[in-house]
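One file, protein_10.pdb, is given below (PDB, N, CA, C and O atoms).
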ATOM      1  N   MET A   1     -42.589 117.325 -25.497
ATOM      2  CA  MET A   1     -42.333 115.970 -25.042
ATOM      3  C   MET A   1     -43.261 115.668 -23.870
ATOM      4  O   MET A   1     -43.282 116.376 -22.883
ATOM      5  N   ALA A   2     -44.013 114.610 -23.986
ATOM      6  CA  ALA A   2     -44.938 114.226 -22.921
ATOM      7  C   ALA A   2     -44.196 113.454 -21.840
ATOM      8  O   ALA A   2     -43.286 112.685 -22.117
ATOM      9  N   GLU A   3     -44.617 113.671 -20.618
ATOM     10  CA  GLU A   3     -44.014 112.957 -19.497
ATOM     11  C   GLU A   3     -45.032 111.961 -18.956
ATOM     12  O   GLU A   3     -46.226 112.185 -19.010
ATOM     13  N   THR A   4     -44.533 110.861 -18.394
ATOM     14  CA  THR A   4     -45.419 109.829 -17.872
ATOM     15  C   THR A   4     -45.055 109.508 -16.439
ATOM     16  O   THR A   4     -44.013 109.884 -15.936
ATOM     17  N   GLY A   5     -45.933 108.772 -15.785
ATOM     18  CA  GLY A   5     -45.673 108.309 -14.423
ATOM     19  C   GLY A   5     -45.665 109.430 -13.407
ATOM     20  O   GLY A   5     -46.364 110.416 -13.525
ATOM     21  N   ASP A   6     -44.834 109.271 -12.367
ATOM     22  CA  ASP A   6     -44.767 110.244 -11.289
ATOM     23  C   ASP A   6     -44.091 111.553 -11.700
ATOM     24  O   ASP A   6     -44.139 112.525 -10.967
ATOM     25  N   ASN A   7     -43.438 111.582 -12.852
ATOM     26  CA  ASN A   7     -42.757 112.787 -13.315
ATOM     27  C   ASN A   7     -43.679 113.683 -14.134
ATOM     28  O   ASN A   7     -43.209 114.578 -14.825
ATOM     29  N   LYS A   8     -44.971 113.450 -14.075
ATOM     30  CA  LYS A   8     -45.926 114.236 -14.844
ATOM     31  C   LYS A   8     -45.876 115.699 -14.414
ATOM     32  O   LYS A   8     -45.815 116.003 -13.223
ATOM     33  N   GLN A   9     -45.887 116.593 -15.402
ATOM     34  CA  GLN A   9     -45.884 118.020 -15.090
ATOM     35  C   GLN A   9     -47.162 118.399 -14.367
ATOM     36  O   GLN A   9     -48.250 118.003 -14.758
ATOM     37  N   ARG A  10     -47.019 119.200 -13.335
ATOM     38  CA  ARG A  10     -48.147 119.751 -12.612
ATOM     39  C   ARG A  10     -47.898 121.254 -12.527
ATOM     40  O   ARG A  10     -47.326 121.752 -11.566
ATOM     41  N   LEU A  11     -48.305 121.946 -13.589
ATOM     42  CA  LEU A  11     -47.994 123.367 -13.725
ATOM     43  C   LEU A  11     -48.701 124.211 -12.671
ATOM     44  O   LEU A  11     -49.860 123.969 -12.338
ATOM     45  N   HIS A  12     -47.958 125.212 -12.178
ATOM     46  CA  HIS A  12     -48.484 126.145 -11.177
ATOM     47  C   HIS A  12     -48.131 127.564 -11.591
ATOM     48  O   HIS A  12     -46.994 127.833 -11.979
ATOM     49  N   LEU A  13     -49.093 128.461 -11.502
ATOM     50  CA  LEU A  13     -48.914 129.871 -11.810
ATOM     51  C   LEU A  13     -48.803 130.651 -10.507
ATOM     52  O   LEU A  13     -49.611 130.455  -9.594
ATOM     53  N   VAL A  14     -47.816 131.535 -10.426
ATOM     54  CA  VAL A  14     -47.671 132.422  -9.275
ATOM     55  C   VAL A  14     -47.911 133.844  -9.775
ATOM     56  O   VAL A  14     -47.275 134.283 -10.732
ATOM     57  N   PHE A  15     -48.864 134.520  -9.142
ATOM     58  CA  PHE A  15     -49.155 135.893  -9.517
ATOM     59  C   PHE A  15     -49.667 136.648  -8.300
ATOM     60  O   PHE A  15     -50.018 136.062  -7.287
ATOM     61  N   GLY A  16     -49.702 137.956  -8.417
ATOM     62  CA  GLY A  16     -50.201 138.754  -7.307
ATOM     63  C   GLY A  16     -50.532 140.160  -7.735
ATOM     64  O   GLY A  16     -50.341 140.557  -8.882
ATOM     65  N   GLY A  17     -51.050 140.890  -6.774
ATOM     66  CA  GLY A  17     -51.407 142.281  -7.009
ATOM     67  C   GLY A  17     -51.985 142.888  -5.750
ATOM     68  O   GLY A  17     -52.153 142.212  -4.726
ATOM     69  N   GLU A  18     -52.277 144.155  -5.847
ATOM     70  CA  GLU A  18     -52.812 144.871  -4.703
ATOM     71  C   GLU A  18     -54.334 144.701  -4.658
ATOM     72  O   GLU A  18     -55.026 144.897  -5.651
ATOM     73  N   LEU A  19     -54.847 144.315  -3.497
ATOM     74  CA  LEU A  19     -56.278 144.100  -3.319
ATOM     75  C   LEU A  19     -56.974 145.393  -2.900
ATOM     76  O   LEU A  19     -56.360 146.280  -2.310
ATOM     77  N   THR A  20     -58.279 145.468  -3.183
ATOM     78  CA  THR A  20     -59.042 146.656  -2.800
ATOM     79  C   THR A  20     -59.320 146.683  -1.301
ATOM     80  O   THR A  20     -59.366 147.757  -0.700
ATOM     81  N   THR A  21     -59.521 145.504  -0.692
ATOM     82  CA  THR A  21     -59.744 145.419   0.751
ATOM     83  C   THR A  21     -58.981 144.214   1.293
ATOM     84  O   THR A  21     -58.555 143.348   0.536
ATOM     85  N   LEU A  22     -58.856 144.152   2.595
ATOM     86  CA  LEU A  22     -58.166 143.017   3.214
ATOM     87  C   LEU A  22     -59.054 141.781   3.342
ATOM     88  O   LEU A  22     -58.577 140.697   3.656
ATOM     89  N   THR A  23     -60.343 141.936   3.116
ATOM     90  CA  THR A  23     -61.281 140.838   3.326
ATOM     91  C   THR A  23     -61.791 140.211   2.035
ATOM     92  O   THR A  23     -62.565 139.260   2.095
ATOM     93  N   ASP A  24     -61.385 140.714   0.883
ATOM     94  CA  ASP A  24     -61.925 140.241  -0.385
ATOM     95  C   ASP A  24     -60.787 140.043  -1.378
ATOM     96  O   ASP A  24     -59.776 140.734  -1.311
ATOM     97  N   VAL A  25     -60.946 139.117  -2.294
ATOM     98  CA  VAL A  25     -59.952 138.936  -3.344
ATOM     99  C   VAL A  25     -60.464 139.639  -4.598
ATOM    100  O   VAL A  25     -61.009 139.030  -5.510
ATOM    101  N   GLN A  26     -60.301 140.943  -4.584
ATOM    102  CA  GLN A  26     -60.626 141.772  -5.739
ATOM    103  C   GLN A  26     -59.452 142.722  -5.932
ATOM    104  O   GLN A  26     -59.098 143.486  -5.030
ATOM    105  N   PHE A  27     -58.854 142.662  -7.121
ATOM    106  CA  PHE A  27     -57.644 143.428  -7.368
ATOM    107  C   PHE A  27     -57.954 144.882  -7.689
ATOM    108  O   PHE A  27     -58.920 145.188  -8.390
ATOM    109  N   ARG A  28     -57.116 145.760  -7.180
ATOM    110  CA  ARG A  28     -57.264 147.197  -7.376
ATOM    111  C   ARG A  28     -57.060 147.576  -8.842
ATOM    112  O   ARG A  28     -57.780 148.417  -9.372
ATOM    113  N   ASP A  29     -56.071 146.969  -9.505
ATOM    114  CA  ASP A  29     -55.735 147.335 -10.885
ATOM    115  C   ASP A  29     -55.319 146.078 -11.657
ATOM    116  O   ASP A  29     -54.179 145.623 -11.542
ATOM    117  N   LEU A  30     -56.236 145.544 -12.455
ATOM    118  CA  LEU A  30     -55.962 144.309 -13.185
ATOM    119  C   LEU A  30     -54.833 144.459 -14.201
ATOM    120  O   LEU A  30     -54.146 143.494 -14.517
ATOM    121  N   GLU A  31     -54.630 145.658 -14.695
ATOM    122  CA  GLU A  31     -53.579 145.869 -15.698
ATOM    123  C   GLU A  31     -52.181 145.808 -15.080
ATOM    124  O   GLU A  31     -51.199 145.669 -15.805
ATOM    125  N   ASN A  32     -52.094 145.910 -13.777
ATOM    126  CA  ASN A  32     -50.793 145.883 -13.111
ATOM    127  C   ASN A  32     -50.587 144.648 -12.244
ATOM    128  O   ASN A  32     -49.806 144.694 -11.288
ATOM    129  N   LEU A  33     -51.248 143.550 -12.582
ATOM    130  CA  LEU A  33     -50.986 142.304 -11.867
ATOM    131  C   LEU A  33     -49.545 141.870 -12.127
ATOM    132  O   LEU A  33     -49.013 142.057 -13.219
ATOM    133  N   ASP A  34     -48.926 141.315 -11.113
ATOM    134  CA  ASP A  34     -47.551 140.832 -11.217
ATOM    135  C   ASP A  34     -47.592 139.334 -11.519
ATOM    136  O   ASP A  34     -47.896 138.525 -10.641
ATOM    137  N   ILE A  35     -47.313 138.983 -12.774
ATOM    138  CA  ILE A  35     -47.242 137.572 -13.155
ATOM    139  C   ILE A  35     -45.806 137.126 -12.897
ATOM    140  O   ILE A  35     -44.892 137.449 -13.647
ATOM    141  N   VAL A  36     -45.612 136.387 -11.823
ATOM    142  CA  VAL A  36     -44.271 135.970 -11.421
ATOM    143  C   VAL A  36     -43.755 134.893 -12.360
ATOM    144  O   VAL A  36     -42.617 134.946 -12.819
ATOM    145  N   GLY A  37     -44.591 133.901 -12.669
ATOM    146  CA  GLY A  37     -44.172 132.860 -13.595
ATOM    147  C   GLY A  37     -44.991 131.594 -13.470
ATOM    148  O   GLY A  37     -45.873 131.475 -12.624
ATOM    149  N   ILE A  38     -44.676 130.658 -14.343
ATOM    150  CA  ILE A  38     -45.307 129.337 -14.353
ATOM    151  C   ILE A  38     -44.216 128.331 -14.005
ATOM    152  O   ILE A  38     -43.125 128.354 -14.584
ATOM    153  N   TYR A  39     -44.531 127.435 -13.075
ATOM    154  CA  TYR A  39     -43.539 126.509 -12.529
ATOM    155  C   TYR A  39     -43.995 125.067 -12.734
ATOM    156  O   TYR A  39     -45.192 124.780 -12.737
ATOM    157  N   PRO A  40     -43.035 124.136 -12.867
ATOM    158  CA  PRO A  40     -43.367 122.748 -13.192
ATOM    159  C   PRO A  40     -43.914 121.930 -12.033
ATOM    160  O   PRO A  40     -44.420 120.831 -12.234
ATOM    161  N   ASP A  41     -43.813 122.461 -10.803
ATOM    162  CA  ASP A  41     -44.305 121.720  -9.641
ATOM    163  C   ASP A  41     -44.614 122.700  -8.507
ATOM    164  O   ASP A  41     -44.219 123.864  -8.552
ATOM    165  N   TYR A  42     -45.310 122.202  -7.513
ATOM    166  CA  TYR A  42     -45.729 123.053  -6.394
ATOM    167  C   TYR A  42     -44.534 123.565  -5.596
ATOM    168  O   TYR A  42     -44.515 124.719  -5.163
ATOM    169  N   ALA A  43     -43.528 122.735  -5.402
ATOM    170  CA  ALA A  43     -42.368 123.146  -4.600
ATOM    171  C   ALA A  43     -41.670 124.358  -5.212
ATOM    172  O   ALA A  43     -41.311 125.303  -4.505
ATOM    173  N   SER A  44     -41.491 124.360  -6.516
ATOM    174  CA  SER A  44     -40.867 125.497  -7.197
ATOM    175  C   SER A  44     -41.744 126.735  -7.099
ATOM    176  O   SER A  44     -41.248 127.848  -6.889
ATOM    177  N   ALA A  45     -43.041 126.557  -7.258
ATOM    178  CA  ALA A  45     -43.976 127.678  -7.162
ATOM    179  C   ALA A  45     -43.979 128.260  -5.754
ATOM    180  O   ALA A  45     -44.036 129.481  -5.576
ATOM    181  N   LEU A  46     -43.884 127.416  -4.760
ATOM    182  CA  LEU A  46     -43.879 127.869  -3.373
ATOM    183  C   LEU A  46     -42.644 128.729  -3.068
ATOM    184  O   LEU A  46     -42.747 129.748  -2.385
ATOM    185  N   VAL A  47     -41.507 128.354  -3.605
ATOM    186  CA  VAL A  47     -40.288 129.142  -3.421
ATOM    187  C   VAL A  47     -40.477 130.531  -4.020
ATOM    188  O   VAL A  47     -40.147 131.548  -3.396
ATOM    189  N   ALA A  48     -41.021 130.602  -5.233
ATOM    190  CA  ALA A  48     -41.256 131.891  -5.893
ATOM    191  C   ALA A  48     -42.282 132.710  -5.123
ATOM    192  O   ALA A  48     -42.118 133.920  -4.942
ATOM    193  N   TRP A  49     -43.340 132.056  -4.668
ATOM    194  CA  TRP A  49     -44.398 132.752  -3.909
ATOM    195  C   TRP A  49     -43.823 133.353  -2.621
ATOM    196  O   TRP A  49     -44.086 134.508  -2.303
ATOM    197  N   LYS A  50     -43.045 132.577  -1.885
ATOM    198  CA  LYS A  50     -42.459 133.068  -0.633
ATOM    199  C   LYS A  50     -41.555 134.265  -0.874
ATOM    200  O   LYS A  50     -41.568 135.234  -0.110
ATOM    201  N   SER A  51     -40.785 134.207  -1.934
ATOM    202  CA  SER A  51     -39.882 135.305  -2.257
ATOM    203  C   SER A  51     -40.651 136.587  -2.533
ATOM    204  O   SER A  51     -40.322 137.653  -1.998
ATOM    205  N   LYS A  52     -41.690 136.513  -3.354
ATOM    206  CA  LYS A  52     -42.480 137.698  -3.679
ATOM    207  C   LYS A  52     -43.258 138.189  -2.459
ATOM    208  O   LYS A  52     -43.373 139.397  -2.233
ATOM    209  N   ALA A  53     -43.790 137.279  -1.673
ATOM    210  CA  ALA A  53     -44.535 137.678  -0.474
ATOM    211  C   ALA A  53     -43.629 138.418   0.499
ATOM    212  O   ALA A  53     -44.028 139.418   1.103
ATOM    213  N   GLN A  54     -42.391 137.961   0.650
ATOM    214  CA  GLN A  54     -41.440 138.632   1.543
ATOM    215  C   GLN A  54     -41.073 140.022   1.044
ATOM    216  O   GLN A  54     -40.901 140.941   1.830
ATOM    217  N   GLN A  55     -40.980 140.188  -0.275
ATOM    218  CA  GLN A  55     -40.626 141.483  -0.856
ATOM    219  C   GLN A  55     -41.705 142.534  -0.640
ATOM    220  O   GLN A  55     -41.422 143.725  -0.656
ATOM    221  N   THR A  56     -42.937 142.088  -0.466
ATOM    222  CA  THR A  56     -44.067 143.024  -0.353
ATOM    223  C   THR A  56     -44.700 143.001   1.032
ATOM    224  O   THR A  56     -45.840 143.436   1.203
ATOM    225  N   VAL A  57     -43.977 142.522   2.026
ATOM    226  CA  VAL A  57     -44.528 142.342   3.371
ATOM    227  C   VAL A  57     -45.000 143.667   3.991
ATOM    228  O   VAL A  57     -45.898 143.669   4.834
ATOM    229  N   ASP A  58     -44.443 144.794   3.571
ATOM    230  CA  ASP A  58     -44.829 146.092   4.138
ATOM    231  C   ASP A  58     -46.165 146.613   3.603
ATOM    232  O   ASP A  58     -46.707 147.577   4.136
ATOM    233  N   ASN A  59     -46.690 146.015   2.546
ATOM    234  CA  ASN A  59     -47.967 146.446   1.970
ATOM    235  C   ASN A  59     -49.026 145.394   2.295
ATOM    236  O   ASN A  59     -49.089 144.344   1.664
ATOM    237  N   ALA A  60     -49.887 145.687   3.241
ATOM    238  CA  ALA A  60     -50.888 144.714   3.693
ATOM    239  C   ALA A  60     -51.891 144.344   2.597
ATOM    240  O   ALA A  60     -52.484 143.275   2.648
ATOM    241  N   HIS A  61     -52.062 145.204   1.608
ATOM    242  CA  HIS A  61     -53.017 144.928   0.532
ATOM    243  C   HIS A  61     -52.424 144.101  -0.608
ATOM    244  O   HIS A  61     -53.147 143.646  -1.482
ATOM    245  N   MET A  62     -51.126 143.911  -0.600
ATOM    246  CA  MET A  62     -50.470 143.149  -1.660
ATOM    247  C   MET A  62     -50.529 141.665  -1.330
ATOM    248  O   MET A  62     -50.155 141.238  -0.241
ATOM    249  N   ARG A  63     -51.035 140.870  -2.275
ATOM    250  CA  ARG A  63     -51.163 139.429  -2.065
ATOM    251  C   ARG A  63     -50.667 138.669  -3.288
ATOM    252  O   ARG A  63     -50.880 139.083  -4.418
ATOM    253  N   TYR A  64     -50.048 137.554  -3.033
ATOM    254  CA  TYR A  64     -49.602 136.648  -4.091
ATOM    255  C   TYR A  64     -50.311 135.314  -3.913
ATOM    256  O   TYR A  64     -50.624 134.900  -2.800
ATOM    257  N   PHE A  65     -50.553 134.648  -5.037
ATOM    258  CA  PHE A  65     -51.320 133.407  -5.055
ATOM    259  C   PHE A  65     -50.611 132.366  -5.897
ATOM    260  O   PHE A  65     -49.882 132.696  -6.823
ATOM    261  N   ILE A  66     -50.879 131.103  -5.571
ATOM    262  CA  ILE A  66     -50.435 129.977  -6.394
ATOM    263  C   ILE A  66     -51.694 129.340  -6.976
ATOM    264  O   ILE A  66     -52.592 128.935  -6.245
ATOM    265  N   VAL A  67     -51.732 129.267  -8.299
ATOM    266  CA  VAL A  67     -52.864 128.645  -9.001
ATOM    267  C   VAL A  67     -52.403 127.288  -9.517
ATOM    268  O   VAL A  67     -51.388 127.186 -10.215
ATOM    269  N   HIS A  68     -53.143 126.263  -9.185
ATOM    270  CA  HIS A  68     -52.842 124.902  -9.637
ATOM    271  C   HIS A  68     -53.370 124.742 -11.059
ATOM    272  O   HIS A  68     -54.489 124.279 -11.269
ATOM    273  N   MET A  69     -52.565 125.134 -12.027
ATOM    274  CA  MET A  69     -53.003 125.105 -13.425
ATOM    275  C   MET A  69     -53.311 123.694 -13.906
ATOM    276  O   MET A  69     -54.205 123.491 -14.719
ATOM    277  N   HIS A  70     -52.590 122.718 -13.390
ATOM    278  CA  HIS A  70     -52.808 121.332 -13.824
ATOM    279  C   HIS A  70     -54.224 120.883 -13.490
ATOM    280  O   HIS A  70     -54.809 120.079 -14.205
ATOM    281  N   LYS A  71     -54.804 121.426 -12.428
ATOM    282  CA  LYS A  71     -56.182 121.070 -12.075
ATOM    283  C   LYS A  71     -57.182 121.703 -13.030
ATOM    284  O   LYS A  71     -58.244 121.152 -13.269
ATOM    285  N   LEU A  72     -56.846 122.852 -13.565
ATOM    286  CA  LEU A  72     -57.714 123.514 -14.538
ATOM    287  C   LEU A  72     -57.596 122.859 -15.909
ATOM    288  O   LEU A  72     -58.582 122.753 -16.644
ATOM    289  N   LEU A  73     -56.387 122.421 -16.248
ATOM    290  CA  LEU A  73     -56.149 121.839 -17.564
ATOM    291  C   LEU A  73     -56.667 120.404 -17.667
ATOM    292  O   LEU A  73     -57.082 119.960 -18.742
ATOM    293  N   ASP A  74     -56.639 119.675 -16.573
ATOM    294  CA  ASP A  74     -57.069 118.285 -16.564
ATOM    295  C   ASP A  74     -57.777 117.964 -15.245
ATOM    296  O   ASP A  74     -57.233 117.249 -14.396
ATOM    297  N   PRO A  75     -58.990 118.494 -15.039
ATOM    298  CA  PRO A  75     -59.655 118.358 -13.747
ATOM    299  C   PRO A  75     -59.980 116.915 -13.342
ATOM    300  O   PRO A  75     -60.058 116.612 -12.160
ATOM    301  N   GLU A  76     -60.141 116.026 -14.292
ATOM    302  CA  GLU A  76     -60.484 114.640 -13.957
ATOM    303  C   GLU A  76     -59.305 113.875 -13.365
ATOM    304  O   GLU A  76     -59.502 112.916 -12.638
ATOM    305  N   ASN A  77     -58.082 114.307 -13.668
ATOM    306  CA  ASN A  77     -56.898 113.597 -13.187
ATOM    307  C   ASN A  77     -56.063 114.432 -12.246
ATOM    308  O   ASN A  77     -54.892 114.158 -12.036
ATOM    309  N   ALA A  78     -56.652 115.473 -11.650
ATOM    310  CA  ALA A  78     -55.878 116.376 -10.789
ATOM    311  C   ALA A  78     -55.560 115.786  -9.478
ATOM    312  O   ALA A  78     -55.875 115.149  -8.723
TER
END

In structure tokens, write the structure found in this file.
Amino acid sequence: MAETGDNKQRLHLVFGGELTTLTDVQFRDLENLDIVGIYPDYASALVAWKSKAQQTVDNAHMRYFIVHMHKLLDPENA
């Protein structure tokens, strides 16, 4: 079902993994990336991101990211 107007889906992916260094975004093991989920809006993705970031706060190399999938899927209307 397509949505219109201000209720348009703006999908966001939350994922993370352990980085090789603190200064670069290069993952230590691509096969063990943690795909947290895909969310319908930024606010939902932010809640998931904060939760995962808090769970891994003791590991300085562990990082979680929010990817704005809607910008990749439709870059002209992002």

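Each of A:Lys52, A:Arg63, A:Lys8, A:His68 was compared to A:Thr20 using only C-alpha atoms, and A:Arg63 turns out to be the nearest.
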
Strand (DSSP E) positions in chain A, given as a PyMOL selection string: chain A and resi 12-18+34-39+62-68

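If you count all atoms listed in the file and ignore residues fewer than 2 places along the chain from A:Phe65, what sits within 5 Å of it is Leu13, Val14, Phe15, Gly16, Arg63 and Val67 of chain A.
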
All helix (DSSP H, G or I) residues (DSSP, backbone) inside stretch 3-72 of chain A, as a PyMOL selection string: chain A and resi 5-7+30-32+42-55+69-72

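The residue that comes closest to A:His12, out of A:Leu30, A:Met69, A:Val36, A:Val57 and on the basis of only C-alpha atoms, is A:Met69.
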
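One distance worth recording is that between atom C of A:Val25 and atom C of A:Gln55, which is 19.4 Å.
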
Run the PyMOL selection byres ((chain A and resi 29) around 7) mentally over the shown coordinates, then write out the matched residues as a JSON list (two decimals) with N, CA, C and O atoms, in the coordinates of the input, using the chain letters and numbers from the document.
[["chain", "number", "residue", "atom", "x", "y", "z"],
["A", 16, "GLY", "N", -49.70, 137.96, -8.42],
["A", 16, "GLY", "CA", -50.20, 138.75, -7.31],
["A", 16, "GLY", "C", -50.53, 140.16, -7.74],
["A", 16, "GLY", "O", -50.34, 140.56, -8.88],
["A", 17, "GLY", "N", -51.05, 140.89, -6.77],
["A", 17, "GLY", "CA", -51.41, 142.28, -7.01],
["A", 17, "GLY", "C", -51.98, 142.89, -5.75],
["A", 17, "GLY", "O", -52.15, 142.21, -4.73],
["A", 18, "GLU", "N", -52.28, 144.16, -5.85],
["A", 18, "GLU", "CA", -52.81, 144.87, -4.70],
["A", 18, "GLU", "C", -54.33, 144.70, -4.66],
["A", 18, "GLU", "O", -55.03, 144.90, -5.65],
["A", 19, "LEU", "N", -54.85, 144.32, -3.50],
["A", 19, "LEU", "CA", -56.28, 144.10, -3.32],
["A", 19, "LEU", "C", -56.97, 145.39, -2.90],
["A", 19, "LEU", "O", -56.36, 146.28, -2.31],
["A", 20, "THR", "N", -58.28, 145.47, -3.18],
["A", 20, "THR", "CA", -59.04, 146.66, -2.80],
["A", 20, "THR", "C", -59.32, 146.68, -1.30],
["A", 20, "THR", "O", -59.37, 147.76, -0.70],
["A", 26, "GLN", "N", -60.30, 140.94, -4.58],
["A", 26, "GLN", "CA", -60.63, 141.77, -5.74],
["A", 26, "GLN", "C", -59.45, 142.72, -5.93],
["A", 26, "GLN", "O", -59.10, 143.49, -5.03],
["A", 27, "PHE", "N", -58.85, 142.66, -7.12],
["A", 27, "PHE", "CA", -57.64, 143.43, -7.37],
["A", 27, "PHE", "C", -57.95, 144.88, -7.69],
["A", 27, "PHE", "O", -58.92, 145.19, -8.39],
["A", 28, "ARG", "N", -57.12, 145.76, -7.18],
["A", 28, "ARG", "CA", -57.26, 147.20, -7.38],
["A", 28, "ARG", "C", -57.06, 147.58, -8.84],
["A", 28, "ARG", "O", -57.78, 148.42, -9.37],
["A", 30, "LEU", "N", -56.24, 145.54, -12.46],
["A", 30, "LEU", "CA", -55.96, 144.31, -13.18],
["A", 30, "LEU", "C", -54.83, 144.46, -14.20],
["A", 30, "LEU", "O", -54.15, 143.49, -14.52],
["A", 31, "GLU", "N", -54.63, 145.66, -14.70],
["A", 31, "GLU", "CA", -53.58, 145.87, -15.70],
["A", 31, "GLU", "C", -52.18, 145.81, -15.08],
["A", 31, "GLU", "O", -51.20, 145.67, -15.80],
["A", 32, "ASN", "N", -52.09, 145.91, -13.78],
["A", 32, "ASN", "CA", -50.79, 145.88, -13.11],
["A", 32, "ASN", "C", -50.59, 144.65, -12.24],
["A", 32, "ASN", "O", -49.81, 144.69, -11.29],
["A", 33, "LEU", "N", -51.25, 143.55, -12.58],
["A", 33, "LEU", "CA", -50.99, 142.30, -11.87],
["A", 33, "LEU", "C", -49.54, 141.87, -12.13],
["A", 33, "LEU", "O", -49.01, 142.06, -13.22],
["A", 34, "ASP", "N", -48.93, 141.32, -11.11],
["A", 34, "ASP", "CA", -47.55, 140.83, -11.22],
["A", 34, "ASP", "C", -47.59, 139.33, -11.52],
["A", 34, "ASP", "O", -47.90, 138.52, -10.64]]

For atom CA of A:Glu76 and atom C of A:Arg10, the interatomic separation in Å (one decimal): 14.3 Å

Where atoms are lacking, stretch 19-25 of chain A completed to all heavy atoms, as a PDB file, keeping the file's coordinate frame:
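Result went into selection_22.pdb, see below:
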ATOM      1  N   LEU A  19     -54.847 144.315  -3.497  1.00  0.00           N
ATOM      2  CA  LEU A  19     -56.278 144.100  -3.319  1.00  0.00           C
ATOM      3  C   LEU A  19     -56.974 145.393  -2.900  1.00  0.00           C
ATOM      4  O   LEU A  19     -56.360 146.280  -2.310  1.00  0.00           O
ATOM      5  CB  LEU A  19     -56.517 143.022  -2.257  1.00  0.00           C
ATOM      6  CG  LEU A  19     -55.886 141.654  -2.516  1.00  0.00           C
ATOM      7  CD1 LEU A  19     -56.180 140.718  -1.355  1.00  0.00           C
ATOM      8  CD2 LEU A  19     -56.367 141.060  -3.821  1.00  0.00           C
ATOM      9  N   THR A  20     -58.279 145.468  -3.183  1.00  0.00           N
ATOM     10  CA  THR A  20     -59.042 146.656  -2.800  1.00  0.00           C
ATOM     11  C   THR A  20     -59.320 146.683  -1.301  1.00  0.00           C
ATOM     12  O   THR A  20     -59.366 147.757  -0.700  1.00  0.00           O
ATOM     13  CB  THR A  20     -60.376 146.731  -3.566  1.00  0.00           C
ATOM     14  OG1 THR A  20     -61.110 145.522  -3.343  1.00  0.00           O
ATOM     15  CG2 THR A  20     -60.154 146.925  -5.043  1.00  0.00           C
ATOM     16  N   THR A  21     -59.521 145.504  -0.692  1.00  0.00           N
ATOM     17  CA  THR A  21     -59.744 145.419   0.751  1.00  0.00           C
ATOM     18  C   THR A  21     -58.981 144.214   1.293  1.00  0.00           C
ATOM     19  O   THR A  21     -58.555 143.348   0.536  1.00  0.00           O
ATOM     20  CB  THR A  21     -61.239 145.224   1.104  1.00  0.00           C
ATOM     21  OG1 THR A  21     -61.644 143.919   0.689  1.00  0.00           O
ATOM     22  CG2 THR A  21     -62.114 146.282   0.453  1.00  0.00           C
ATOM     23  N   LEU A  22     -58.856 144.152   2.595  1.00  0.00           N
ATOM     24  CA  LEU A  22     -58.166 143.017   3.214  1.00  0.00           C
ATOM     25  C   LEU A  22     -59.054 141.781   3.342  1.00  0.00           C
ATOM     26  O   LEU A  22     -58.577 140.697   3.656  1.00  0.00           O
ATOM     27  CB  LEU A  22     -57.645 143.415   4.597  1.00  0.00           C
ATOM     28  CG  LEU A  22     -56.581 144.507   4.605  1.00  0.00           C
ATOM     29  CD1 LEU A  22     -56.222 144.869   6.048  1.00  0.00           C
ATOM     30  CD2 LEU A  22     -55.348 144.063   3.839  1.00  0.00           C
ATOM     31  N   THR A  23     -60.343 141.936   3.116  1.00  0.00           N
ATOM     32  CA  THR A  23     -61.281 140.838   3.326  1.00  0.00           C
ATOM     33  C   THR A  23     -61.791 140.211   2.035  1.00  0.00           C
ATOM     34  O   THR A  23     -62.565 139.260   2.095  1.00  0.00           O
ATOM     35  CB  THR A  23     -62.486 141.325   4.143  1.00  0.00           C
ATOM     36  OG1 THR A  23     -63.121 142.391   3.445  1.00  0.00           O
ATOM     37  CG2 THR A  23     -62.048 141.794   5.524  1.00  0.00           C
ATOM     38  N   ASP A  24     -61.385 140.714   0.883  1.00  0.00           N
ATOM     39  CA  ASP A  24     -61.925 140.241  -0.385  1.00  0.00           C
ATOM     40  C   ASP A  24     -60.787 140.043  -1.378  1.00  0.00           C
ATOM     41  O   ASP A  24     -59.776 140.734  -1.311  1.00  0.00           O
ATOM     42  CB  ASP A  24     -62.893 141.280  -0.940  1.00  0.00           C
ATOM     43  CG  ASP A  24     -64.036 140.680  -1.711  1.00  0.00           C
ATOM     44  OD1 ASP A  24     -64.151 139.444  -1.749  1.00  0.00           O
ATOM     45  OD2 ASP A  24     -64.821 141.456  -2.281  1.00  0.00           O
ATOM     46  N   VAL A  25     -60.946 139.117  -2.294  1.00  0.00           N
ATOM     47  CA  VAL A  25     -59.952 138.936  -3.344  1.00  0.00           C
ATOM     48  C   VAL A  25     -60.464 139.639  -4.598  1.00  0.00           C
ATOM     49  O   VAL A  25     -61.009 139.030  -5.510  1.00  0.00           O
ATOM     50  CB  VAL A  25     -59.670 137.442  -3.620  1.00  0.00           C
ATOM     51  CG1 VAL A  25     -58.626 137.296  -4.721  1.00  0.00           C
ATOM     52  CG2 VAL A  25     -59.200 136.749  -2.362  1.00  0.00           C
TER      53      VAL A  25
END
